[in-house]
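Trainee: Following this line is query-v4.txt, made up of compact mmCIF, N, CA and C atoms:
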```txt
# COMPACT_ATOMS: atom_id res chain seq x y z
N MET A 235 0.84 -1.17 0.00
CA MET A 235 0.00 0.00 0.00
C MET A 235 0.89 1.23 0.00
N PRO A 236 0.68 2.15 -0.92
CA PRO A 236 1.51 3.36 -0.94
C PRO A 236 1.15 4.26 0.24
N SER A 237 2.12 5.02 0.66
CA SER A 237 1.91 5.95 1.76
C SER A 237 0.89 7.01 1.35
N THR A 238 0.12 7.47 2.32
CA THR A 238 -0.87 8.51 2.05
C THR A 238 -0.22 9.86 1.93
N GLY A 239 1.02 9.99 2.38
CA GLY A 239 1.69 11.27 2.37
C GLY A 239 1.20 12.18 3.49
N GLN A 240 0.33 11.67 4.30
CA GLN A 240 -0.27 12.43 5.39
C GLN A 240 0.58 12.29 6.65
N ASN A 241 0.84 13.39 7.33
CA ASN A 241 1.54 13.34 8.61
C ASN A 241 0.57 12.91 9.69
N MET A 242 1.02 12.02 10.53
CA MET A 242 0.20 11.56 11.64
C MET A 242 1.03 11.61 12.91
N ARG A 243 0.36 11.79 14.00
CA ARG A 243 1.02 11.81 15.30
C ARG A 243 0.61 10.56 16.07
N PHE A 244 1.60 9.90 16.65
CA PHE A 244 1.36 8.70 17.44
C PHE A 244 1.81 8.96 18.87
N ARG A 245 1.12 8.36 19.80
CA ARG A 245 1.50 8.44 21.20
C ARG A 245 2.04 7.06 21.58
N VAL A 246 3.22 7.04 22.16
CA VAL A 246 3.86 5.79 22.57
C VAL A 246 3.81 5.74 24.09
N VAL A 247 3.28 4.64 24.63
CA VAL A 247 3.16 4.50 26.09
C VAL A 247 3.75 3.16 26.51
N ASP A 248 4.10 3.07 27.76
CA ASP A 248 4.61 1.79 28.28
C ASP A 248 3.67 1.17 29.30
N SER A 249 2.48 1.76 29.45
CA SER A 249 1.50 1.21 30.39
C SER A 249 0.10 1.64 29.95
N VAL A 250 -0.86 0.77 30.16
CA VAL A 250 -2.26 1.11 29.86
C VAL A 250 -3.03 1.39 31.15
N GLN A 251 -2.31 1.59 32.22
CA GLN A 251 -2.92 1.74 33.54
C GLN A 251 -4.00 2.82 33.57
N ASP A 252 -3.77 3.94 32.95
CA ASP A 252 -4.72 5.05 33.01
C ASP A 252 -5.54 5.20 31.73
N PHE A 253 -5.62 4.14 30.95
CA PHE A 253 -6.36 4.21 29.69
C PHE A 253 -7.85 4.38 29.95
N GLY A 254 -8.45 5.26 29.16
CA GLY A 254 -9.89 5.40 29.12
C GLY A 254 -10.41 4.83 27.81
N GLU A 255 -11.70 4.94 27.59
CA GLU A 255 -12.31 4.36 26.39
C GLU A 255 -11.69 4.92 25.11
N ALA A 256 -11.43 6.22 25.07
CA ALA A 256 -10.84 6.82 23.87
C ALA A 256 -9.44 6.27 23.61
N ASP A 257 -8.70 6.02 24.68
CA ASP A 257 -7.35 5.45 24.52
C ASP A 257 -7.41 4.05 23.93
N TRP A 258 -8.32 3.22 24.45
CA TRP A 258 -8.46 1.86 23.91
C TRP A 258 -8.88 1.90 22.46
N ASN A 259 -9.78 2.81 22.10
CA ASN A 259 -10.24 2.92 20.72
C ASN A 259 -9.16 3.40 19.77
N SER A 260 -8.18 4.13 20.28
CA SER A 260 -7.13 4.65 19.42
C SER A 260 -5.88 3.77 19.39
N LEU A 261 -5.90 2.67 20.13
CA LEU A 261 -4.75 1.77 20.15
C LEU A 261 -4.56 1.12 18.78
N VAL A 262 -3.36 1.22 18.25
CA VAL A 262 -3.08 0.71 16.91
C VAL A 262 -2.11 -0.47 16.95
N CYS A 263 -1.05 -0.36 17.72
CA CYS A 263 0.01 -1.37 17.67
C CYS A 263 0.54 -1.64 19.07
N VAL A 264 0.84 -2.92 19.32
CA VAL A 264 1.41 -3.34 20.60
C VAL A 264 2.65 -4.17 20.33
N PHE A 265 3.72 -3.84 21.03
CA PHE A 265 4.93 -4.65 21.00
C PHE A 265 4.88 -5.60 22.18
N THR A 266 5.12 -6.86 21.93
CA THR A 266 5.06 -7.85 23.00
C THR A 266 6.39 -8.57 23.15
N GLN A 267 6.65 -8.99 24.39
CA GLN A 267 7.81 -9.83 24.68
C GLN A 267 7.44 -11.30 24.63
N GLY A 268 6.16 -11.57 24.37
CA GLY A 268 5.71 -12.95 24.30
C GLY A 268 5.26 -13.50 25.64
N ALA A 269 4.96 -12.62 26.59
CA ALA A 269 4.52 -13.05 27.91
C ALA A 269 3.07 -12.60 28.14
N ALA A 270 2.20 -13.53 28.47
CA ALA A 270 0.78 -13.22 28.66
C ALA A 270 0.56 -12.23 29.79
N TRP A 271 1.45 -12.21 30.80
CA TRP A 271 1.28 -11.29 31.92
C TRP A 271 1.30 -9.83 31.47
N GLN A 272 1.88 -9.54 30.31
CA GLN A 272 1.91 -8.17 29.80
C GLN A 272 0.49 -7.60 29.65
N PHE A 273 -0.50 -8.46 29.51
CA PHE A 273 -1.85 -8.02 29.20
C PHE A 273 -2.79 -8.08 30.40
N LYS A 274 -2.22 -8.20 31.58
CA LYS A 274 -3.02 -8.18 32.80
C LYS A 274 -3.68 -6.80 32.93
N ASN A 275 -4.93 -6.78 33.28
CA ASN A 275 -5.72 -5.55 33.46
C ASN A 275 -6.04 -4.83 32.15
N TRP A 276 -5.94 -5.52 31.03
CA TRP A 276 -6.37 -4.94 29.77
C TRP A 276 -7.88 -5.19 29.61
N ILE A 277 -8.52 -4.43 28.72
CA ILE A 277 -9.96 -4.66 28.53
C ILE A 277 -10.21 -5.97 27.80
N TRP A 278 -9.23 -6.42 27.02
CA TRP A 278 -9.35 -7.70 26.36
C TRP A 278 -8.74 -8.75 27.27
N LYS A 279 -9.32 -9.91 27.32
CA LYS A 279 -8.98 -10.89 28.34
C LYS A 279 -7.86 -11.85 28.00
N SER A 280 -7.44 -11.89 26.74
CA SER A 280 -6.37 -12.82 26.35
C SER A 280 -5.50 -12.15 25.29
N PRO A 281 -4.26 -12.61 25.14
CA PRO A 281 -3.42 -12.06 24.07
C PRO A 281 -4.06 -12.21 22.70
N GLU A 282 -4.74 -13.33 22.45
CA GLU A 282 -5.39 -13.53 21.15
C GLU A 282 -6.42 -12.43 20.91
N GLU A 283 -7.17 -12.08 21.95
CA GLU A 283 -8.18 -11.03 21.82
C GLU A 283 -7.53 -9.66 21.65
N VAL A 284 -6.42 -9.42 22.33
CA VAL A 284 -5.69 -8.16 22.15
C VAL A 284 -5.34 -7.97 20.69
N PHE A 285 -4.79 -9.04 20.08
CA PHE A 285 -4.28 -8.91 18.72
C PHE A 285 -5.36 -9.08 17.65
N GLN A 286 -6.59 -9.29 18.07
CA GLN A 286 -7.72 -9.16 17.15
C GLN A 286 -8.13 -7.70 17.05
N ASN A 287 -7.67 -6.88 17.99
CA ASN A 287 -8.06 -5.48 18.06
C ASN A 287 -6.94 -4.50 17.74
N CYS A 288 -5.72 -4.98 17.66
CA CYS A 288 -4.60 -4.11 17.31
C CYS A 288 -3.49 -4.94 16.66
N LEU A 289 -2.60 -4.26 16.01
CA LEU A 289 -1.47 -4.93 15.37
C LEU A 289 -0.49 -5.38 16.45
N GLY A 290 -0.05 -6.61 16.37
CA GLY A 290 0.91 -7.13 17.32
C GLY A 290 2.27 -7.32 16.68
N MET A 291 3.29 -6.77 17.30
CA MET A 291 4.66 -6.90 16.81
C MET A 291 5.51 -7.55 17.90
N TYR A 292 6.34 -8.48 17.48
CA TYR A 292 7.21 -9.23 18.38
C TYR A 292 8.66 -9.00 17.95
N PRO A 293 9.34 -8.00 18.57
CA PRO A 293 10.73 -7.76 18.19
C PRO A 293 11.64 -8.89 18.66
N LYS A 294 12.48 -9.35 17.75
CA LYS A 294 13.41 -10.42 18.08
C LYS A 294 14.56 -10.38 17.08
N HIS A 295 15.65 -11.00 17.45
CA HIS A 295 16.75 -11.12 16.48
C HIS A 295 16.33 -12.09 15.39
N GLN A 296 16.76 -11.82 14.20
CA GLN A 296 16.38 -12.57 13.01
C GLN A 296 16.68 -14.06 13.14
N ASP A 297 17.73 -14.40 13.86
CA ASP A 297 18.12 -15.81 13.98
C ASP A 297 17.49 -16.52 15.18
N GLU A 298 16.60 -15.86 15.90
CA GLU A 298 15.92 -16.46 17.05
C GLU A 298 14.54 -16.97 16.65
N GLN A 299 14.12 -18.03 17.30
CA GLN A 299 12.77 -18.55 17.12
C GLN A 299 11.82 -17.76 18.03
N PRO A 300 10.60 -17.52 17.58
CA PRO A 300 9.64 -16.85 18.47
C PRO A 300 9.30 -17.76 19.65
N LYS A 301 8.89 -17.14 20.73
CA LYS A 301 8.45 -17.94 21.89
C LYS A 301 7.24 -18.75 21.49
N GLU A 302 7.19 -19.96 21.99
CA GLU A 302 6.09 -20.87 21.67
C GLU A 302 4.73 -20.25 21.98
N SER A 303 4.67 -19.50 23.08
CA SER A 303 3.39 -18.91 23.51
C SER A 303 2.80 -17.97 22.47
N THR A 304 3.63 -17.41 21.61
CA THR A 304 3.14 -16.40 20.66
C THR A 304 2.56 -17.00 19.38
N ARG A 305 2.72 -18.26 19.18
CA ARG A 305 2.32 -18.88 17.90
C ARG A 305 0.84 -18.75 17.59
N THR A 306 -0.01 -18.67 18.61
CA THR A 306 -1.46 -18.57 18.38
C THR A 306 -1.99 -17.14 18.55
N TRP A 307 -1.11 -16.20 18.76
CA TRP A 307 -1.56 -14.84 19.08
C TRP A 307 -1.90 -14.00 17.85
N GLY A 308 -1.44 -14.38 16.68
CA GLY A 308 -1.71 -13.58 15.48
C GLY A 308 -0.84 -12.34 15.41
N ILE A 309 0.41 -12.48 15.83
CA ILE A 309 1.34 -11.34 15.80
C ILE A 309 2.38 -11.55 14.71
N SER A 310 3.06 -10.47 14.38
CA SER A 310 4.11 -10.53 13.35
C SER A 310 5.47 -10.35 14.00
N PRO A 311 6.45 -11.15 13.58
CA PRO A 311 7.80 -10.92 14.11
C PRO A 311 8.37 -9.64 13.51
N LEU A 312 9.10 -8.91 14.32
CA LEU A 312 9.85 -7.75 13.85
C LEU A 312 11.31 -8.18 13.95
N ASP A 313 11.81 -8.73 12.86
CA ASP A 313 13.16 -9.31 12.85
C ASP A 313 14.22 -8.23 12.77
N ILE A 314 15.13 -8.27 13.73
CA ILE A 314 16.25 -7.34 13.80
C ILE A 314 17.51 -8.14 13.51
N GLU A 315 18.26 -7.68 12.54
CA GLU A 315 19.49 -8.37 12.15
C GLU A 315 20.56 -8.16 13.22
N ARG A 316 21.02 -9.23 13.78
CA ARG A 316 22.02 -9.16 14.85
C ARG A 316 23.36 -8.61 14.35
N ASN A 317 23.79 -9.05 13.18
CA ASN A 317 25.11 -8.69 12.68
C ASN A 317 25.08 -7.79 11.45
N LYS A 318 23.92 -7.34 11.06
CA LYS A 318 23.78 -6.46 9.89
C LYS A 318 22.97 -5.24 10.32
N ARG A 319 23.50 -4.48 11.25
CA ARG A 319 22.75 -3.38 11.83
C ARG A 319 22.46 -2.28 10.81
N HIS A 320 23.14 -2.30 9.67
CA HIS A 320 22.80 -1.35 8.62
C HIS A 320 21.42 -1.63 8.04
N MET A 321 20.83 -2.78 8.39
CA MET A 321 19.49 -3.14 7.92
C MET A 321 18.38 -2.57 8.82
N ASP A 322 18.76 -1.91 9.92
CA ASP A 322 17.77 -1.38 10.86
C ASP A 322 16.79 -0.43 10.17
N ARG A 323 17.28 0.39 9.27
CA ARG A 323 16.39 1.34 8.59
C ARG A 323 15.31 0.61 7.80
N ALA A 324 15.68 -0.44 7.10
CA ALA A 324 14.69 -1.22 6.35
C ALA A 324 13.67 -1.86 7.29
N THR A 325 14.11 -2.29 8.46
CA THR A 325 13.20 -2.87 9.45
C THR A 325 12.20 -1.82 9.92
N VAL A 326 12.67 -0.62 10.18
CA VAL A 326 11.80 0.46 10.64
C VAL A 326 10.79 0.84 9.54
N VAL A 327 11.25 0.92 8.31
CA VAL A 327 10.34 1.22 7.19
C VAL A 327 9.26 0.14 7.09
N GLY A 328 9.66 -1.11 7.24
CA GLY A 328 8.69 -2.21 7.20
C GLY A 328 7.69 -2.13 8.35
N LEU A 329 8.16 -1.73 9.52
CA LEU A 329 7.27 -1.56 10.68
C LEU A 329 6.21 -0.52 10.38
N TRP A 330 6.62 0.65 9.90
CA TRP A 330 5.65 1.72 9.63
C TRP A 330 4.71 1.32 8.50
N SER A 331 5.18 0.58 7.55
CA SER A 331 4.31 0.09 6.48
C SER A 331 3.25 -0.85 7.04
N SER A 332 3.66 -1.74 7.94
CA SER A 332 2.70 -2.65 8.58
C SER A 332 1.66 -1.89 9.38
N ILE A 333 2.09 -0.88 10.11
CA ILE A 333 1.15 -0.07 10.90
C ILE A 333 0.16 0.64 9.98
N GLU A 334 0.66 1.22 8.92
CA GLU A 334 -0.22 1.93 7.99
C GLU A 334 -1.22 0.98 7.33
N GLN A 335 -0.77 -0.20 6.94
CA GLN A 335 -1.68 -1.18 6.35
C GLN A 335 -2.74 -1.63 7.33
N PHE A 336 -2.34 -1.87 8.58
CA PHE A 336 -3.30 -2.26 9.62
C PHE A 336 -4.35 -1.17 9.81
N MET A 337 -3.90 0.07 9.87
CA MET A 337 -4.83 1.18 10.07
C MET A 337 -5.78 1.32 8.89
N ALA A 338 -5.29 1.16 7.69
CA ALA A 338 -6.15 1.27 6.50
C ALA A 338 -7.23 0.20 6.50
N ARG A 339 -6.88 -0.99 6.95
CA ARG A 339 -7.83 -2.11 7.00
C ARG A 339 -8.80 -2.01 8.18
N ASN A 340 -8.27 -1.66 9.34
CA ASN A 340 -9.03 -1.79 10.58
C ASN A 340 -9.46 -0.48 11.25
N LYS A 341 -8.81 0.59 10.90
CA LYS A 341 -9.13 1.89 11.52
C LYS A 341 -9.06 2.99 10.46
N PRO A 342 -9.81 2.86 9.37
CA PRO A 342 -9.70 3.81 8.27
C PRO A 342 -10.11 5.24 8.66
N ASP A 343 -10.90 5.38 9.70
CA ASP A 343 -11.31 6.71 10.14
C ASP A 343 -10.12 7.54 10.62
N PHE A 344 -9.03 6.89 10.99
CA PHE A 344 -7.84 7.62 11.44
C PHE A 344 -7.22 8.44 10.32
N PHE A 345 -7.52 8.11 9.07
CA PHE A 345 -6.96 8.82 7.92
C PHE A 345 -7.81 10.03 7.51
N MET A 346 -8.90 10.25 8.19
CA MET A 346 -9.79 11.35 7.81
C MET A 346 -9.51 12.59 8.59
```
Will you turn the file into C-alpha cells for me?

Mentor:
Amino acid sequence: MPSTGQNMRFRVVDSVQDFGEADWNSLVCVFTQGAAWQFKNWIWKSPEEVFQNCLGMYPKHQDEQPKESTRTWGISPLDIERNKRHMDRATVVGLWSSIEQFMARNKPDFFM
C-alpha cells in the first residue's frame, strides 16, 4: 500500500494503567515480549483477543525462534538483524508500512 503522504502523530506508552475508552479505541500497535502477563488488566482478556483489536509486533533477532506462547496470538515478528545493523532502517520502514496497512484495514477513520 503506498503511503498517504499524510503526517500523523502517534503516542507511545509503556503502560495502559490510566487508559480510558478513547485510549483503547485509538490503540493501533502493541509490541510484545511474548509473555501473557503483559496483558493483565487490559480490557481484552487474552493475548489472542488483544491482537484481534490491534497490530501485534514481536521484536526479536532474526536468527531467534519466536516464543512458543506467541504462535497462536496472530502477531508478526519484527526481525532485527544481529550482525547487519545497517538493515535497521529497512526494518523500521517495514514496521511503519505494517502499521499503515493495519490502520487502512481496521481503523480507516484515522486517515480522515

Trainee: Return the single residue from A:Gly328, A:Pro342, A:Pro300, A:Gly268 that is closest to Glu282 (chain A), with distances computed using only C-alpha atoms.

Mentor: A:Gly268

Trainee: In Å, how far is it from CA of Glu302 (chain A) to atom N of Ala269 (chain A)?

Mentor: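 So the answer is 9.7 Å.
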
Trainee: Grab the atom C of Asp343 (chain A) to atom C of Gly239 (chain A) distance for me, in Å with one decimal place.

Mentor: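 Separating atom C of Asp343 (chain A) from atom C of Gly239 (chain A) is a distance of 14.2 Å.
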
Trainee: Would you return as a ChimeraX atom specification the members of chain A that DSSP assigns to strand (DSSP E or B) on this structure's backbone?

Mentor: /A:263-265,289-295,310-314

Trainee: Counting all atoms listed in the file, which of A:Ala324, A:Ala256, A:Leu289, A:Ile314 gets nearest to Met337 (chain A)?

Mentor: A:Leu289

Trainee: Name all residues at most 7 Å from Met291 (chain A) (count only C-alpha atoms; drop same-chain ones fewer than 6 positions away) and give them as a PyMOL selection string.

Mentor: chain A and resi 264-266+309-312

Trainee: Do you have the CA of Asn275 (chain A)-CA of Pro293 (chain A) distance handy?

Mentor: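 Straight-line distance from CA of Asn275 (chain A) to CA of Pro293 (chain A) works out to 22.6 Å.
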
Trainee: Using DSSP on the backbone coordinates, identify the residues of region 237-327 of chain A assigned to alpha helix (DSSP H); present them as a list in words.

Mentor: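 Those residues are Glu255, Ala256, Asp257, Trp258, Asn259, Ser260, Pro281, Glu282, Glu283, Val284, Phe285, Gln286, Asn287, Asp322, Arg323, Ala324, Thr325, Val326 and Val327 of chain A.
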
Trainee: Generate the output file for the selected residues, N, CA and C atoms, as a PDB file, keeping the file's coordinate frame.

Mentor:
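File written: part_28.pdb
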```
ATOM      1  N   GLU A 255     -11.700   4.940  27.590  1.00  0.00           N
ATOM      2  CA  GLU A 255     -12.310   4.360  26.390  1.00  0.00           C
ATOM      3  C   GLU A 255     -11.690   4.920  25.110  1.00  0.00           C
ATOM      4  N   ALA A 256     -11.430   6.220  25.070  1.00  0.00           N
ATOM      5  CA  ALA A 256     -10.840   6.820  23.870  1.00  0.00           C
ATOM      6  C   ALA A 256      -9.440   6.270  23.610  1.00  0.00           C
ATOM      7  N   ASP A 257      -8.700   6.020  24.680  1.00  0.00           N
ATOM      8  CA  ASP A 257      -7.350   5.450  24.520  1.00  0.00           C
ATOM      9  C   ASP A 257      -7.410   4.050  23.930  1.00  0.00           C
ATOM     10  N   TRP A 258      -8.320   3.220  24.450  1.00  0.00           N
ATOM     11  CA  TRP A 258      -8.460   1.860  23.910  1.00  0.00           C
ATOM     12  C   TRP A 258      -8.880   1.900  22.460  1.00  0.00           C
ATOM     13  N   ASN A 259      -9.780   2.810  22.100  1.00  0.00           N
ATOM     14  CA  ASN A 259     -10.240   2.920  20.720  1.00  0.00           C
ATOM     15  C   ASN A 259      -9.160   3.400  19.770  1.00  0.00           C
ATOM     16  N   SER A 260      -8.180   4.130  20.280  1.00  0.00           N
ATOM     17  CA  SER A 260      -7.130   4.650  19.420  1.00  0.00           C
ATOM     18  C   SER A 260      -5.880   3.770  19.390  1.00  0.00           C
ATOM     19  N   PRO A 281      -4.260 -12.610  25.140  1.00  0.00           N
ATOM     20  CA  PRO A 281      -3.420 -12.060  24.070  1.00  0.00           C
ATOM     21  C   PRO A 281      -4.060 -12.210  22.700  1.00  0.00           C
ATOM     22  N   GLU A 282      -4.740 -13.330  22.450  1.00  0.00           N
ATOM     23  CA  GLU A 282      -5.390 -13.530  21.150  1.00  0.00           C
ATOM     24  C   GLU A 282      -6.420 -12.430  20.910  1.00  0.00           C
ATOM     25  N   GLU A 283      -7.170 -12.080  21.950  1.00  0.00           N
ATOM     26  CA  GLU A 283      -8.180 -11.030  21.820  1.00  0.00           C
ATOM     27  C   GLU A 283      -7.530  -9.660  21.650  1.00  0.00           C
ATOM     28  N   VAL A 284      -6.420  -9.420  22.330  1.00  0.00           N
ATOM     29  CA  VAL A 284      -5.690  -8.160  22.150  1.00  0.00           C
ATOM     30  C   VAL A 284      -5.340  -7.970  20.690  1.00  0.00           C
ATOM     31  N   PHE A 285      -4.790  -9.040  20.080  1.00  0.00           N
ATOM     32  CA  PHE A 285      -4.280  -8.910  18.720  1.00  0.00           C
ATOM     33  C   PHE A 285      -5.360  -9.080  17.650  1.00  0.00           C
ATOM     34  N   GLN A 286      -6.590  -9.290  18.070  1.00  0.00           N
ATOM     35  CA  GLN A 286      -7.720  -9.160  17.150  1.00  0.00           C
ATOM     36  C   GLN A 286      -8.130  -7.700  17.050  1.00  0.00           C
ATOM     37  N   ASN A 287      -7.670  -6.880  17.990  1.00  0.00           N
ATOM     38  CA  ASN A 287      -8.060  -5.480  18.060  1.00  0.00           C
ATOM     39  C   ASN A 287      -6.940  -4.500  17.740  1.00  0.00           C
ATOM     40  N   ASP A 322      18.760  -1.910   9.920  1.00  0.00           N
ATOM     41  CA  ASP A 322      17.770  -1.380  10.860  1.00  0.00           C
ATOM     42  C   ASP A 322      16.790  -0.430  10.170  1.00  0.00           C
ATOM     43  N   ARG A 323      17.280   0.390   9.270  1.00  0.00           N
ATOM     44  CA  ARG A 323      16.390   1.340   8.590  1.00  0.00           C
ATOM     45  C   ARG A 323      15.310   0.610   7.800  1.00  0.00           C
ATOM     46  N   ALA A 324      15.680  -0.440   7.100  1.00  0.00           N
ATOM     47  CA  ALA A 324      14.690  -1.220   6.350  1.00  0.00           C
ATOM     48  C   ALA A 324      13.670  -1.860   7.290  1.00  0.00           C
ATOM     49  N   THR A 325      14.110  -2.290   8.460  1.00  0.00           N
ATOM     50  CA  THR A 325      13.200  -2.870   9.450  1.00  0.00           C
ATOM     51  C   THR A 325      12.200  -1.820   9.920  1.00  0.00           C
ATOM     52  N   VAL A 326      12.670  -0.620  10.180  1.00  0.00           N
ATOM     53  CA  VAL A 326      11.800   0.460  10.640  1.00  0.00           C
ATOM     54  C   VAL A 326      10.790   0.840   9.540  1.00  0.00           C
ATOM     55  N   VAL A 327      11.250   0.920   8.310  1.00  0.00           N
ATOM     56  CA  VAL A 327      10.340   1.220   7.190  1.00  0.00           C
ATOM     57  C   VAL A 327       9.260   0.140   7.090  1.00  0.00           C
TER      58      VAL A 327
END
```

Trainee: For Cys263 (chain A), which residue among A:Val250, A:Met242, A:Val327, A:Ile333 is the nearest when counting only N, CA and C atoms?

Mentor: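 Distance minimum relative to Cys263 (chain A) lands on A:Ile333.
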
Trainee: Which is closest to Asp248 (chain A) among A:Phe285, A:Phe344, A:Phe273, A:Trp330, if we use only C-alpha atoms?

Mentor: A:Phe273

Trainee: Tell me which of A:Cys288, A:Phe253, A:Asn241, A:Trp258 sits closest to Asn340 (chain A), counting only C-alpha atoms.

Mentor: A:Cys288

Trainee: Looking at A:Asn287, A:Gln296, A:Gln335, A:Thr304, which one is nearest to Gln267 (chain A), with distances taken over only N, CA and C atoms?

Mentor: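 For Gln267 (chain A), the nearest of the candidates is A:Thr304.
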